[in-house]
Amino acid sequence: MSTAHSAAEAAPDAVKRARWLNRANVERLLSVLSPIVLLAIWELAALFGWMDTRFFPAPSEVFRAAWTMLQTGELWANLWISLVRIGVGFVVGAVPGILIGLAMGLFSPVRAIIQPLVDATFPIPKIAILPLFMMIFGIGEESKYAIIAVAVIYLVLINTVAGVRNIDKIYLDVCKNYRASNLMMFTDVALPGALPMIVTGLKLGMGIALLVIVAAEFVGAKSGIGYLIWNSWQTFQVERMYVGLLVSALLGFASAILFNVLERILIPWKHH
Amino acid sequence: MTIKIQLRGLRKRFEVKGRSFEALSGIDLDIEPGEFFCIVGPSGCGKTTLLRILAGLETHSAGQIELAQDAKEKPGEAATDRAMNAMVFQEQSIFPWMNVRDNVAFGLKARGIARQKRYEIAEPYITKVGLSGFEDALPHQLSGGMKQRVSIARAFANDPEMLLMDEPFAALDEQNKLLLQAELLRIWEETRKTVLYVTHIIDEAIVLADRIMVMSARPGRIKEIVDVRAVFGRPRRVEAVKSSEQYGEMFGRIWGQLRDEVAAASAEQRAEADRELRDEEAA
């Protein structure tokens with residue numbers, strides 16, 4: 001080992017540089033640079049008046065507004081309340097979505113009963129039910145949890161059903177040949193077999209949840225990131241509106257990372 | 001000597017798209033305990049169906065199946081606790097979400113054996129198929145040959161009275177196939193379980209089998225049963241068998257039986273494809 005190691009150390013600088021500047025690293029660098037360059041151009045355009053700053057305020061102004069809002073605690077408060085709404089609604093929708101989906105996938109009578117209800121109600125844009133939910137649950141937090149839950153449950157349920165039904169028939173043959181119990185078939189085969197599709201459903205559900213919460217907070221709330229954006233428009237504080245947009249983008253980004261980690265932990269066999 | 005598997009007038013009919021056809025047509029067969037029995041036949045002749053019926057994955061339409069149950073071996077263990085059979089499938093059938101150890105111990109878990117105990121039982125079989133050190137690996141980290149080794153270990157670890165193997169090496173390359181054949185022979189010599197082995201490769205059948213059953217094109221019937229034991233003894237070495245003079249003779253004899261059936265099977269497949277084309281055009 002020592003000979004190979006010292007040979008590498010003795011390599012001339014040019015070789016080292018070439019190795020560092022390989023294709024992957026160059027592409028990584030370009031990916032980091034492109035948004036920075038875009039922001040710089042935007043900043044310059046705002047500075048020299050090439051762009052109407054009433055609609056496109058300079059990035060530095062947006063960051064300044066964000067900093068102020070962070071210090072007053074306003075940003076955290078709005079972010080936190082949105083996160084709670086998404087979190088509660090997501091769990092309330094996802095858990096029954098997985099359970100009902102598994103039951104539908106495994107037992108065809110359950111599927112026969114529930115599938116038409118799903119098919120009939122799925123096409124309704126979820127945000128359209130918000131007024132109804134505000135009538136039922138009031139204008140408090142419950143109506144937000146409910147609208148998120150409804151948005152999430154469909155995608156999780158539909159994907160879970162597909163996941164169970166797409167399990168390779170050979171695995172069920174193996175269960176039968178080794179005379180595995182129904183419980184074991186459920187825990188050792190149906191659930192892990194459907195897991196990749198379940199996680200896909202959760203991912204899609206989270207995407208929809210972010211969409212719905214912002215829309216719900218536009219009209220039915222006095223707090224949250226959606227409210228922040230809407231309120232900034234009404235008072236024409238464009239920088240604050242951009243802060244809201246930035247935060248909602250970061251939310252989407254963070255949830256994507258979260259689900260990638262979750263995927264790696266839950267379904268390590270799907271990474272190849 | 002008792003008979004391990006006795007089939008009398010075994011028939012199987014299928015209904016496909018309203019058309020009914022016969023897959024197996026009156027199979028009479030006696031298989032001895034501890035025998036390595038190979039079945040060769042053209043594709044679609046019902047050889048896999050026969051195996052799946054014995055595995056309890058499909059029902060037969062008519063006839064009798066009698067399986068002799070071994071006497072219970074260990075005190076306190078009911079004879080029914082033993083698995084009657086374990087199948088090794090042609091396609092990849094080990095669970096992608098379980099590591100090698102859990103895959104091998106799957107049948108033991110299904111029989112309600114506690115975790116510690118079933119790992120203990122599984123371990124020597126993992127070693128036997130040359131996978132020690134890979135106990136914690138997931139299937140996607142293994143090569144095709146290693147995956148089939150896991151599948152074989154899973155079947156043997158469950159200690160069934162007979163093994164049903166459906167072209168287990170069909171997806172492997174030639175060299176790996178030779179290696180695994182030799183390994184299978186070695187493990188089988190140690191355990192002497194009754195094996196029913198379906199293949200479409202004549203060489204493989206000669207190298208492995210005590211007897212070879214040649215099947216006709218659909219509907220599957222027994223065309224001939226070739227006794228390999230009379231020519232090649234045990235223990236058997238793959239190279240010794242393949243380089244012997246009798247090997248060529250036996251190959252010629254089996255292929256002679258099989259050739260017309262294969263021709264008949266492909267003629268029928270052509271006719272069927274034709275019919276489907278016409279149906280589609282009519283529709």
# chains A, B, ... in the order shown; residues from 1 in each chain; ligands from 1
call {"tool": "interface_residues", "arguments": {"of": "chain A", "to": "chain B", "cutoff": "12 Å", "atoms": "only C-alpha atoms", "output": "PyMOL selection string"}}
result
chain A and resi 167-185+187-196+265-272
call {"tool": "write_last_selection", "arguments": {"atoms": "N, CA and C atoms", "output": "compact mmCIF listing (two decimals), in the first residue's frame"}}
result
# COMPACT_ATOMS: atom_id res chain seq x y z
N ILE A 167 -46.35 -5.81 -7.51
CA ILE A 167 -45.36 -6.73 -6.95
C ILE A 167 -45.29 -7.96 -7.85
N ASP A 168 -44.08 -8.33 -8.20
CA ASP A 168 -43.86 -9.45 -9.11
C ASP A 168 -44.56 -10.70 -8.57
N LYS A 169 -45.33 -11.36 -9.45
CA LYS A 169 -46.11 -12.51 -9.03
C LYS A 169 -45.24 -13.63 -8.46
N ILE A 170 -44.00 -13.66 -8.91
CA ILE A 170 -43.11 -14.74 -8.46
C ILE A 170 -42.92 -14.70 -6.94
N TYR A 171 -42.94 -13.48 -6.36
CA TYR A 171 -42.73 -13.38 -4.90
C TYR A 171 -43.92 -13.99 -4.15
N LEU A 172 -45.11 -13.85 -4.74
CA LEU A 172 -46.29 -14.46 -4.12
C LEU A 172 -46.22 -15.98 -4.27
N ASP A 173 -45.68 -16.44 -5.41
CA ASP A 173 -45.47 -17.88 -5.60
C ASP A 173 -44.52 -18.43 -4.54
N VAL A 174 -43.46 -17.68 -4.28
CA VAL A 174 -42.48 -18.12 -3.26
C VAL A 174 -43.18 -18.24 -1.90
N CYS A 175 -43.97 -17.22 -1.55
CA CYS A 175 -44.72 -17.26 -0.29
C CYS A 175 -45.59 -18.51 -0.20
N LYS A 176 -46.27 -18.78 -1.32
CA LYS A 176 -47.19 -19.91 -1.33
C LYS A 176 -46.42 -21.22 -1.21
N ASN A 177 -45.32 -21.31 -1.96
CA ASN A 177 -44.52 -22.54 -1.96
C ASN A 177 -43.93 -22.81 -0.57
N TYR A 178 -43.53 -21.75 0.13
CA TYR A 178 -42.97 -21.93 1.48
C TYR A 178 -44.05 -21.83 2.55
N ARG A 179 -45.27 -21.79 2.13
CA ARG A 179 -46.43 -21.74 3.01
C ARG A 179 -46.33 -20.65 4.08
N ALA A 180 -45.99 -19.45 3.61
CA ALA A 180 -45.93 -18.30 4.52
C ALA A 180 -47.35 -17.87 4.90
N SER A 181 -47.52 -17.42 6.14
CA SER A 181 -48.84 -17.00 6.60
C SER A 181 -49.23 -15.69 5.91
N ASN A 182 -50.54 -15.34 5.99
CA ASN A 182 -51.00 -14.09 5.41
C ASN A 182 -50.32 -12.90 6.05
N LEU A 183 -50.09 -12.99 7.38
CA LEU A 183 -49.45 -11.89 8.08
C LEU A 183 -48.03 -11.68 7.55
N MET A 184 -47.32 -12.81 7.37
CA MET A 184 -45.94 -12.72 6.88
C MET A 184 -45.91 -12.21 5.44
N MET A 185 -46.90 -12.62 4.67
CA MET A 185 -46.97 -12.14 3.30
C MET A 185 -47.15 -10.62 3.29
N THR A 187 -46.30 -8.41 5.91
CA THR A 187 -45.18 -7.66 6.49
C THR A 187 -43.88 -7.87 5.72
N ASP A 188 -43.66 -9.08 5.19
CA ASP A 188 -42.37 -9.39 4.58
C ASP A 188 -42.36 -9.20 3.07
N VAL A 189 -43.54 -9.17 2.46
CA VAL A 189 -43.56 -9.08 1.00
C VAL A 189 -44.37 -7.88 0.49
N ALA A 190 -45.67 -7.79 0.88
CA ALA A 190 -46.50 -6.72 0.30
C ALA A 190 -45.98 -5.33 0.68
N LEU A 191 -45.71 -5.14 1.96
CA LEU A 191 -45.28 -3.80 2.41
C LEU A 191 -43.92 -3.40 1.83
N PRO A 192 -42.87 -4.23 2.01
CA PRO A 192 -41.60 -3.82 1.40
C PRO A 192 -41.66 -3.78 -0.12
N GLY A 193 -42.46 -4.66 -0.71
CA GLY A 193 -42.56 -4.69 -2.17
C GLY A 193 -43.21 -3.42 -2.71
N ALA A 194 -44.17 -2.88 -1.94
CA ALA A 194 -44.88 -1.68 -2.40
C ALA A 194 -44.16 -0.40 -1.97
N LEU A 195 -43.17 -0.53 -1.10
CA LEU A 195 -42.54 0.64 -0.50
C LEU A 195 -41.99 1.67 -1.51
N PRO A 196 -41.34 1.23 -2.58
CA PRO A 196 -40.85 2.24 -3.53
C PRO A 196 -41.99 3.11 -4.08
N ILE A 265 -32.81 5.42 3.17
CA ILE A 265 -32.93 4.62 4.39
C ILE A 265 -33.96 3.50 4.20
N LEU A 266 -35.11 3.84 3.62
CA LEU A 266 -36.22 2.87 3.55
C LEU A 266 -36.04 1.84 2.45
N ILE A 267 -35.51 2.25 1.31
CA ILE A 267 -35.45 1.32 0.18
C ILE A 267 -34.05 1.29 -0.43
N PRO A 268 -33.08 0.82 0.35
CA PRO A 268 -31.69 0.81 -0.14
C PRO A 268 -31.52 -0.06 -1.40
N TRP A 269 -32.43 -1.04 -1.59
CA TRP A 269 -32.27 -1.95 -2.73
C TRP A 269 -32.70 -1.31 -4.04
N LYS A 270 -33.31 -0.11 -3.98
CA LYS A 270 -33.82 0.52 -5.20
C LYS A 270 -32.82 1.48 -5.81
N HIS A 271 -31.60 1.52 -5.27
CA HIS A 271 -30.68 2.53 -5.77
C HIS A 271 -29.80 2.04 -6.90
N HIS A 272 -30.18 0.90 -7.51
CA HIS A 272 -29.34 0.37 -8.58
C HIS A 272 -30.19 -0.10 -9.74
call {"tool": "residues_around", "arguments": {"residues": "range 228-231 of chain B", "least_positions_apart": "5", "cutoff": "12 Å", "atoms": "only C-alpha atoms", "output": "number ranges by chain"}}
result
B: 35-38, 203, 205-213, 236, 241, 244-251, 253-254
call {"tool": "residues_around", "arguments": {"residues": "range 34-49 of chain A", "least_positions_apart": "4", "cutoff": "9 Å", "atoms": "only C-alpha atoms", "output": "mmCIF file with C-alpha atoms, in the first residue's frame"}}
result
data_model
loop_
_atom_site.group_PDB
_atom_site.id
_atom_site.type_symbol
_atom_site.label_atom_id
_atom_site.label_comp_id
_atom_site.auth_asym_id
_atom_site.auth_seq_id
_atom_site.Cartn_x
_atom_site.Cartn_y
_atom_site.Cartn_z
ATOM 1 C CA LEU A 29 -18.753 24.063 -10.640
ATOM 2 C CA LEU A 30 -20.861 25.226 -13.594
ATOM 3 C CA THR A 53 -37.647 47.387 -9.916
ATOM 4 C CA PHE A 56 -38.141 42.893 -10.108
ATOM 5 C CA PRO A 57 -36.395 44.410 -7.082
ATOM 6 C CA ALA A 58 -32.647 43.895 -6.825
ATOM 7 C CA PRO A 59 -31.648 40.609 -5.142
ATOM 8 C CA SER A 60 -29.749 42.619 -2.540
#
call {"tool": "select_by_dssp", "arguments": {"residues": "range 26-261 of chain B", "states": "alpha helix (DSSP H)", "output": "PyMOL selection string"}}
result
chain B and resi 47-54+100-104+106-110+115-128+144-157+174-191+202-208+238-243+245-261
call {"tool": "atom_distance", "arguments": {"atom1": "CA of Leu130 in chain A", "atom2": "CA of Ser143 in chain A"}}
result
7.4 Å
